[in-house]
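Participant: Next comes the structure file work.pdb, holding PDB, C-alpha atoms.
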```
ATOM      1  CA  MET B   1     222.236  -3.780-175.066
ATOM      2  CA  LYS B   2     219.909  -6.778-175.313
ATOM      3  CA  GLN B   3     222.784  -9.044-176.420
ATOM      4  CA  THR B   4     224.883  -7.787-173.486
ATOM      5  CA  VAL B   5     222.135  -8.661-171.003
ATOM      6  CA  GLN B   6     221.750 -12.108-172.594
ATOM      7  CA  ARG B   7     225.532 -12.675-172.411
ATOM      8  CA  VAL B   8     225.615 -11.672-168.744
ATOM      9  CA  GLY B   9     222.625 -13.924-168.012
ATOM     10  CA  ARG B  10     224.276 -16.896-169.711
ATOM     11  CA  ALA B  11     227.524 -16.286-167.833
ATOM     12  CA  ALA B  12     225.589 -16.177-164.538
ATOM     13  CA  VAL B  13     223.854 -19.524-165.112
ATOM     14  CA  GLU B  14     226.890 -21.281-166.620
ATOM     15  CA  PRO B  15     228.270 -22.613-163.273
ATOM     16  CA  VAL B  16     224.830 -23.916-162.301
ATOM     17  CA  ALA B  17     224.407 -25.489-165.737
ATOM     18  CA  ARG B  18     227.779 -27.228-165.356
ATOM     19  CA  ALA B  19     226.661 -28.596-161.973
ATOM     20  CA  MET B  20     223.453 -29.888-163.612
ATOM     21  CA  VAL B  21     225.504 -31.628-166.297
ATOM     22  CA  VAL B  22     227.664 -33.307-163.625
ATOM     23  CA  ALA B  23     224.509 -34.391-161.784
ATOM     24  CA  GLY B  24     223.168 -35.942-165.000
ATOM     25  CA  VAL B  25     220.146 -33.640-165.333
ATOM     26  CA  THR B  26     218.861 -33.539-168.916
ATOM     27  CA  PRO B  27     217.693 -30.378-170.710
ATOM     28  CA  ASN B  28     214.192 -31.817-171.212
ATOM     29  CA  ALA B  29     213.939 -32.654-167.502
ATOM     30  CA  LEU B  30     214.764 -29.022-166.711
ATOM     31  CA  THR B  31     212.144 -27.842-169.209
ATOM     32  CA  LEU B  32     209.492 -30.047-167.611
ATOM     33  CA  PHE B  33     210.474 -29.062-164.069
ATOM     34  CA  GLY B  34     210.344 -25.385-165.072
ATOM     35  CA  LEU B  35     206.814 -25.940-166.360
ATOM     36  CA  PHE B  36     205.841 -27.656-163.112
ATOM     37  CA  LEU B  37     207.172 -24.697-161.099
ATOM     38  CA  SER B  38     205.296 -22.230-163.322
ATOM     39  CA  ALA B  39     202.086 -24.204-162.741
ATOM     40  CA  VAL B  40     202.689 -24.088-158.972
ATOM     41  CA  ALA B  41     203.327 -20.338-159.269
ATOM     42  CA  GLY B  42     200.014 -19.958-161.108
ATOM     43  CA  LEU B  43     198.175 -21.779-158.310
ATOM     44  CA  LEU B  44     199.836 -19.583-155.680
ATOM     45  CA  LEU B  45     198.945 -16.429-157.613
ATOM     46  CA  ALA B  46     195.333 -17.628-157.882
ATOM     47  CA  ARG B  47     195.214 -17.709-154.081
ATOM     48  CA  GLY B  48     196.728 -14.220-153.782
ATOM     49  CA  LEU B  49     200.101 -15.460-152.499
ATOM     50  CA  PHE B  50     201.999 -13.056-154.735
ATOM     51  CA  VAL B  51     205.437 -13.029-153.113
ATOM     52  CA  THR B  52     205.599 -16.830-152.821
ATOM     53  CA  GLY B  53     204.185 -17.241-156.321
ATOM     54  CA  GLY B  54     206.698 -14.748-157.684
ATOM     55  CA  LEU B  55     209.605 -16.571-156.052
ATOM     56  CA  VAL B  56     208.457 -19.918-157.450
ATOM     57  CA  LEU B  57     208.045 -18.299-160.878
ATOM     58  CA  ILE B  58     211.642 -17.059-160.696
ATOM     59  CA  LEU B  59     212.818 -20.622-159.975
ATOM     60  CA  GLY B  60     210.810 -21.891-162.939
ATOM     61  CA  SER B  61     212.350 -19.215-165.139
ATOM     62  CA  VAL B  62     215.844 -20.183-163.989
ATOM     63  CA  CYS B  63     215.103 -23.754-165.127
ATOM     64  CA  ASP B  64     214.017 -22.314-168.469
ATOM     65  CA  MET B  65     217.354 -20.508-168.786
ATOM     66  CA  LEU B  66     219.303 -23.568-167.696
ATOM     67  CA  ASP B  67     217.817 -26.056-170.157
ATOM     68  CA  GLY B  68     219.414 -24.374-173.153
ATOM     69  CA  SER B  69     222.766 -24.023-171.390
ATOM     70  CA  VAL B  70     222.755 -27.689-170.360
ATOM     71  CA  ALA B  71     221.869 -28.691-173.938
ATOM     72  CA  ARG B  72     224.792 -26.653-175.306
ATOM     73  CA  LEU B  73     227.252 -27.993-172.716
ATOM     74  CA  THR B  74     226.301 -31.611-173.359
ATOM     75  CA  GLY B  75     226.017 -31.228-177.131
ATOM     76  CA  SER B  76     222.452 -32.517-176.885
ATOM     77  CA  SER B  77     220.715 -29.567-178.537
ATOM     78  CA  SER B  78     217.991 -30.877-180.814
ATOM     79  CA  GLN B  79     215.107 -29.586-182.881
ATOM     80  CA  PHE B  80     212.687 -31.475-180.654
ATOM     81  CA  GLY B  81     214.221 -29.964-177.507
ATOM     82  CA  ALA B  82     213.859 -26.444-178.944
ATOM     83  CA  PHE B  83     210.289 -27.220-180.029
ATOM     84  CA  LEU B  84     209.387 -28.666-176.624
ATOM     85  CA  ASP B  85     210.930 -25.691-174.813
ATOM     86  CA  SER B  86     209.042 -23.128-176.918
ATOM     87  CA  SER B  87     205.767 -25.026-176.649
ATOM     88  CA  LEU B  88     205.968 -25.446-172.883
ATOM     89  CA  ASP B  89     206.940 -21.772-172.484
ATOM     90  CA  ARG B  90     203.447 -20.943-173.781
ATOM     91  CA  VAL B  91     201.862 -23.347-171.275
ATOM     92  CA  ALA B  92     203.940 -21.770-168.475
ATOM     93  CA  GLU B  93     202.724 -18.297-169.448
ATOM     94  CA  LEU B  94     199.156 -19.601-169.551
ATOM     95  CA  ALA B  95     199.565 -20.975-166.020
ATOM     96  CA  VAL B  96     200.652 -17.558-164.728
ATOM     97  CA  PHE B  97     197.960 -15.578-166.556
ATOM     98  CA  GLY B  98     195.380 -18.230-165.656
ATOM     99  CA  GLY B  99     196.288 -17.944-161.987
ATOM    100  CA  LEU B 100     195.987 -14.169-162.113
ATOM    101  CA  THR B 101     192.662 -14.420-163.963
ATOM    102  CA  TRP B 102     191.340 -16.716-161.240
ATOM    103  CA  TYR B 103     192.548 -14.309-158.555
ATOM    104  CA  PHE B 104     190.765 -11.347-160.133
ATOM    105  CA  VAL B 105     187.548 -13.369-160.537
ATOM    106  CA  ALA B 106     187.471 -15.160-157.169
ATOM    107  CA  GLU B 107     189.278 -12.797-154.801
ATOM    108  CA  GLU B 108     188.782  -9.337-156.293
ATOM    109  CA  ALA B 109     185.505  -9.862-158.190
ATOM    110  CA  SER B 110     187.024  -7.667-160.890
ATOM    111  CA  PRO B 111     185.846  -8.764-164.337
ATOM    112  CA  VAL B 112     187.793  -5.931-165.994
ATOM    113  CA  TYR B 113     191.149  -7.177-164.692
ATOM    114  CA  ALA B 114     190.217 -10.812-165.263
ATOM    115  CA  LEU B 115     189.525  -9.901-168.904
ATOM    116  CA  LEU B 116     192.770  -7.925-169.021
ATOM    117  CA  CYS B 117     194.690 -11.039-167.885
ATOM    118  CA  LEU B 118     193.164 -12.969-170.786
ATOM    119  CA  LEU B 119     194.005 -10.180-173.243
ATOM    120  CA  ALA B 120     197.582  -9.976-171.915
ATOM    121  CA  ALA B 121     197.893 -13.742-172.402
ATOM    122  CA  GLY B 122     196.488 -13.419-175.926
ATOM    123  CA  GLY B 123     198.957 -10.650-176.777
ATOM    124  CA  SER B 124     201.784 -12.707-175.342
ATOM    125  CA  PHE B 125     200.839 -15.744-177.424
ATOM    126  CA  LEU B 126     200.459 -13.610-180.544
ATOM    127  CA  VAL B 127     203.986 -12.227-180.088
ATOM    128  CA  SER B 128     205.338 -15.781-180.024
ATOM    129  CA  TYR B 129     203.095 -16.981-182.845
ATOM    130  CA  THR B 130     204.040 -14.189-185.242
ATOM    131  CA  ARG B 131     207.713 -15.038-184.807
ATOM    132  CA  ALA B 132     207.146 -18.792-185.170
ATOM    133  CA  ARG B 133     204.988 -18.328-188.272
ATOM    134  CA  ALA B 134     207.488 -15.948-189.876
ATOM    135  CA  GLU B 135     210.364 -18.338-189.189
ATOM    136  CA  GLY B 136     208.259 -21.185-190.592
ATOM    137  CA  LEU B 137     208.053 -19.148-193.805
ATOM    138  CA  GLY B 138     211.827 -18.708-193.781
ATOM    139  CA  MET B 139     211.899 -15.117-192.511
ATOM    140  CA  GLU B 140     213.725 -13.641-189.508
ATOM    141  CA  CYS B 141     211.410 -12.062-186.920
ATOM    142  CA  LYS B 142     213.291 -11.221-183.710
ATOM    143  CA  VAL B 143     211.963  -7.668-183.499
ATOM    144  CA  GLY B 144     209.702  -5.841-181.079
ATOM    145  CA  LEU B 145     209.548  -4.531-177.558
ATOM    146  CA  MET B 146     208.039  -7.373-175.574
ATOM    147  CA  GLU B 147     209.752 -10.683-176.122
ATOM    148  CA  ARG B 148     209.424 -13.336-173.430
ATOM    149  CA  PRO B 149     212.250 -12.109-171.130
ATOM    150  CA  GLU B 150     210.814  -8.581-171.078
ATOM    151  CA  ARG B 151     207.312  -9.902-170.384
ATOM    152  CA  LEU B 152     208.648 -12.038-167.555
ATOM    153  CA  VAL B 153     210.539  -9.172-165.931
ATOM    154  CA  LEU B 154     207.491  -6.922-166.203
ATOM    155  CA  ILE B 155     205.053  -9.446-164.735
ATOM    156  CA  LEU B 156     207.446 -10.256-161.881
ATOM    157  CA  ALA B 157     207.844  -6.543-161.129
ATOM    158  CA  GLY B 158     204.062  -6.224-160.924
ATOM    159  CA  ILE B 159     203.670  -9.329-158.771
ATOM    160  CA  PHE B 160     206.257  -8.170-156.234
ATOM    161  CA  ALA B 161     205.216  -4.503-156.221
ATOM    162  CA  GLY B 162     201.625  -5.204-155.173
ATOM    163  CA  LEU B 163     198.137  -4.939-156.641
ATOM    164  CA  PRO B 164     198.160  -1.324-157.894
ATOM    165  CA  ALA B 165     201.411  -1.959-159.777
ATOM    166  CA  LEU B 166     200.179  -5.354-161.003
ATOM    167  CA  ARG B 167     197.065  -3.749-162.453
ATOM    168  CA  ALA B 168     199.225  -1.197-164.293
ATOM    169  CA  VAL B 169     201.519  -3.975-165.532
ATOM    170  CA  LEU B 170     198.548  -5.892-166.959
ATOM    171  CA  TRP B 171     197.548  -2.819-168.978
ATOM    172  CA  ALA B 172     201.144  -2.428-170.165
ATOM    173  CA  LEU B 173     201.522  -6.113-171.070
ATOM    174  CA  THR B 174     198.280  -6.075-173.029
ATOM    175  CA  LEU B 175     199.026  -2.912-174.993
ATOM    176  CA  LEU B 176     202.706  -3.678-175.564
ATOM    177  CA  GLY B 177     202.019  -7.299-176.470
ATOM    178  CA  PHE B 178     199.646  -6.349-179.268
ATOM    179  CA  PHE B 179     201.951  -3.498-180.318
ATOM    180  CA  THR B 180     204.887  -5.932-180.548
ATOM    181  CA  SER B 181     202.761  -8.276-182.654
ATOM    182  CA  LEU B 182     201.981  -5.375-184.972
ATOM    183  CA  GLN B 183     205.705  -4.537-185.173
ATOM    184  CA  ARG B 184     206.381  -8.121-186.232
ATOM    185  CA  ILE B 185     203.599  -8.138-188.814
ATOM    186  CA  VAL B 186     204.988  -4.939-190.375
ATOM    187  CA  HIS B 187     208.522  -6.383-190.250
ATOM    188  CA  VAL B 188     207.411  -9.550-192.070
ATOM    189  CA  GLN B 189     205.454  -7.518-194.624
ATOM    190  CA  ARG B 190     208.588  -5.488-195.408
ATOM    191  CA  GLN B 191     210.665  -8.647-195.792
ATOM    192  CA  SER B 192     208.065 -10.195-198.087
ATOM    193  CA  LEU B 193     208.103  -7.088-200.318
ATOM    194  CA  VAL B 194     211.889  -7.276-200.631
ATOM    195  CA  SER B 195     212.021 -10.983-201.483
TER     196      SER B 195
END
```
Output the file's structure in the form of C-alpha cells.
Facilitator:
Amino acid sequence: MKQTVQRVGRAAVEPVARAMVVAGVTPNALTLFGLFLSAVAGLLLARGLFVTGGLVLILGSVCDMLDGSVARLTGSSSQFGAFLDSSLDRVAELAVFGGLTWYFVAEEASPVYALLCLLAAGGSFLVSYTRARAEGLGMECKVGLMERPERLVLILAGIFAGLPALRAVLWALTLLGFFTSLQRIVHVQRQSLVS
C-alpha cells in the first residue's frame, strides 16, 4: 500500500517536476526553498495562524517532493544532494515543532503542550537517526509506523482540524515516534544477530 501511495504521489508531481526542469530550477534550490517555506510556516504557527501556516507547510512539502523528481529527471542525483535533503528535512521539522512550541508557551501558556512539542520533535528526530545510523552500519532500516510522510500528514491534519485535534495529534506523534524508534532498534538488533 505504501509503495502504491508513493507511486501515485510521484506521478502527481511529475508534470510539475518537468516544468521545473524546463525552467532550469535545480534540485538543491528546491530543497532550500522548501526549507524557507517550512520556516515561514513555523513562524505563522507560532502566531496561531494555523490555516495559513498549514498551507505554507504544504507548499514546502511539495518542494521537498519535487527536488528528488527533478534530480532524477535531470540525472543530477548525487550523494551530497541526498545528504542535504535529509539534513534540511530535520531543520524543517524543527521549524514546525519550534513554531508550535512557541505558540503553546506564548499564546496558550500551556507548558504541558509546549513540552509535548519538544518530545514529538525528539521522537521524530530519533526515527530519522535510527535509520541513518543503521544504514551507516550497512543495514536496511525502512521499518516502522511513523516515517516522515506519515508524520507530515498527521501534523497537517492536526493543524487544519483545530486546537483540540492538534493536541491529540501531538500526543500521537510523541508516542508513535518513540514507538517507531523502538521498532527500528529491534529490527536492527535482529539483523545484527543474523549477520
Participant: Using Å and a single decimal, report how far atom CA of B:Ala11 sits from atom CA of B:Leu94.
Facilitator: 28.6 Å
Participant: Hey, which of B:Arg190, B:Phe104, B:Gly99, B:Val153 ends up closest to B:Cys141? Count all atoms listed in the file.
Facilitator: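 Using all atoms listed in the file, B:Cys141 sits closest to B:Arg190.
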Participant: Between B:Ser181, B:Trp102, B:Glu135, B:Val143, which has the minimum distance to B:Gly48 (counting only C-alpha atoms)?
Facilitator: B:Trp102
Participant: Rank B:Val194, B:Ala39, B:Leu55, B:Val112 by their smallest atom-to-atom distance to B:Arg167, using all atoms listed in the file, and report the top residue only.
Facilitator: B:Val112
Participant: What does the distance from atom CA of B:Cys63 to atom CA of B:Gly34 come to in Å, to one decimal?
Facilitator: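 Value for the atom CA of B:Cys63-atom CA of B:Gly34 distance: 5.0 Å.
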Participant: Kindly give the distance, in Å, that separates atom CA of B:Ala172 and atom CA of B:Leu145, rounded to a single decimal.
Facilitator: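 Atom CA of B:Leu145 lies at a distance of 11.4 Å from atom CA of B:Ala172.
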Participant: Given the point (198.6, -24.2, -163.6) in the file's coordinates, find the residues that have an atom at most 10 Å from it, counting all atoms listed in the file, and give them as a compact mmCIF listing (two decimals) with C-alpha atoms, keeping the file's coordinate frame.
Facilitator:
```
# COMPACT_ATOMS: atom_id res chain seq x y z
CA LEU B 35 206.81 -25.94 -166.36
CA PHE B 36 205.84 -27.66 -163.11
CA LEU B 37 207.17 -24.70 -161.10
CA SER B 38 205.30 -22.23 -163.32
CA ALA B 39 202.09 -24.20 -162.74
CA VAL B 40 202.69 -24.09 -158.97
CA ALA B 41 203.33 -20.34 -159.27
CA GLY B 42 200.01 -19.96 -161.11
CA LEU B 43 198.18 -21.78 -158.31
CA LEU B 44 199.84 -19.58 -155.68
CA LEU B 45 198.94 -16.43 -157.61
CA ALA B 46 195.33 -17.63 -157.88
CA VAL B 91 201.86 -23.35 -171.28
CA ALA B 92 203.94 -21.77 -168.48
CA GLU B 93 202.72 -18.30 -169.45
CA LEU B 94 199.16 -19.60 -169.55
CA ALA B 95 199.56 -20.98 -166.02
CA VAL B 96 200.65 -17.56 -164.73
CA PHE B 97 197.96 -15.58 -166.56
CA GLY B 98 195.38 -18.23 -165.66
CA GLY B 99 196.29 -17.94 -161.99
```
Participant: Exactly which residues make up the result of the PyMOL selection byres ((chain B and resi 119) around 10) on this file, given as number ranges by chain?
Facilitator: B: 97, 113-118, 120-125, 170-171, 173-175, 177-178
Participant: Taking only C-alpha atoms into account, which of B:Tyr103, B:Ile159, B:Leu88, B:Leu182 comes nearest B:Gly54?
Facilitator: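 For B:Gly54, the nearest of the candidates is B:Ile159.
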Participant: Give the answer as one residue: which of B:Leu166, B:Leu176, B:Leu73, B:Val51 has the shortest atom-to-atom distance to B:Gly24, using only C-alpha atoms?
Facilitator: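 With only C-alpha atoms as the atom set, the closest residue is B:Leu73.
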Participant: Hey, what comes out of the PyMOL selection byres ((chain B and resi 130) around 9) on this file? Could you write it as a VMD selection string?
Facilitator: chain B and resid 125 to 129 131 to 135 141 181 184 to 185 188
Participant: Counting all atoms listed in the file, which residue out of B:Leu49, B:Gln79, B:Leu84, B:Gln183 sits closest to B:Gly162?
Facilitator: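 Using all atoms listed in the file, B:Gly162 sits closest to B:Leu49.
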Participant: Near B:Leu66, counting all atoms listed in the file, which residues have an atom at most 9 Å away, once you skip same-chain residues fewer than 3 positions from it, shown as a list in words?
Facilitator: Arg10, Val13, Glu14, Val16, Ala17, Met20, Pro27, Leu30, Thr31, Ser61, Val62, Cys63, Ser69, Val70 and Ala71 of chain B
Participant: So that I have them on file, write out the residues from the current selection with C-alpha atoms, as a compact mmCIF listing (two decimals), in the coordinates of the input.
Facilitator:
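What landed in out_12.txt:
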```txt
# COMPACT_ATOMS: atom_id res chain seq x y z
CA ARG B 10 224.28 -16.90 -169.71
CA VAL B 13 223.85 -19.52 -165.11
CA GLU B 14 226.89 -21.28 -166.62
CA VAL B 16 224.83 -23.92 -162.30
CA ALA B 17 224.41 -25.49 -165.74
CA MET B 20 223.45 -29.89 -163.61
CA PRO B 27 217.69 -30.38 -170.71
CA LEU B 30 214.76 -29.02 -166.71
CA THR B 31 212.14 -27.84 -169.21
CA SER B 61 212.35 -19.22 -165.14
CA VAL B 62 215.84 -20.18 -163.99
CA CYS B 63 215.10 -23.75 -165.13
CA SER B 69 222.77 -24.02 -171.39
CA VAL B 70 222.76 -27.69 -170.36
CA ALA B 71 221.87 -28.69 -173.94
```
Participant: Extending 5 Å beyond the listed atoms of stretch 9-22 of chain B on each side, what axis-aligned box results? I want centre and edge lengths in Å to one decimal, as AutoDock Vina command-line options.
Facilitator:
```
--center_x 225.4 --center_y -23.6 --center_z -165.8 --size_x 15.6 --size_y 29.4 --size_z 17.7
```
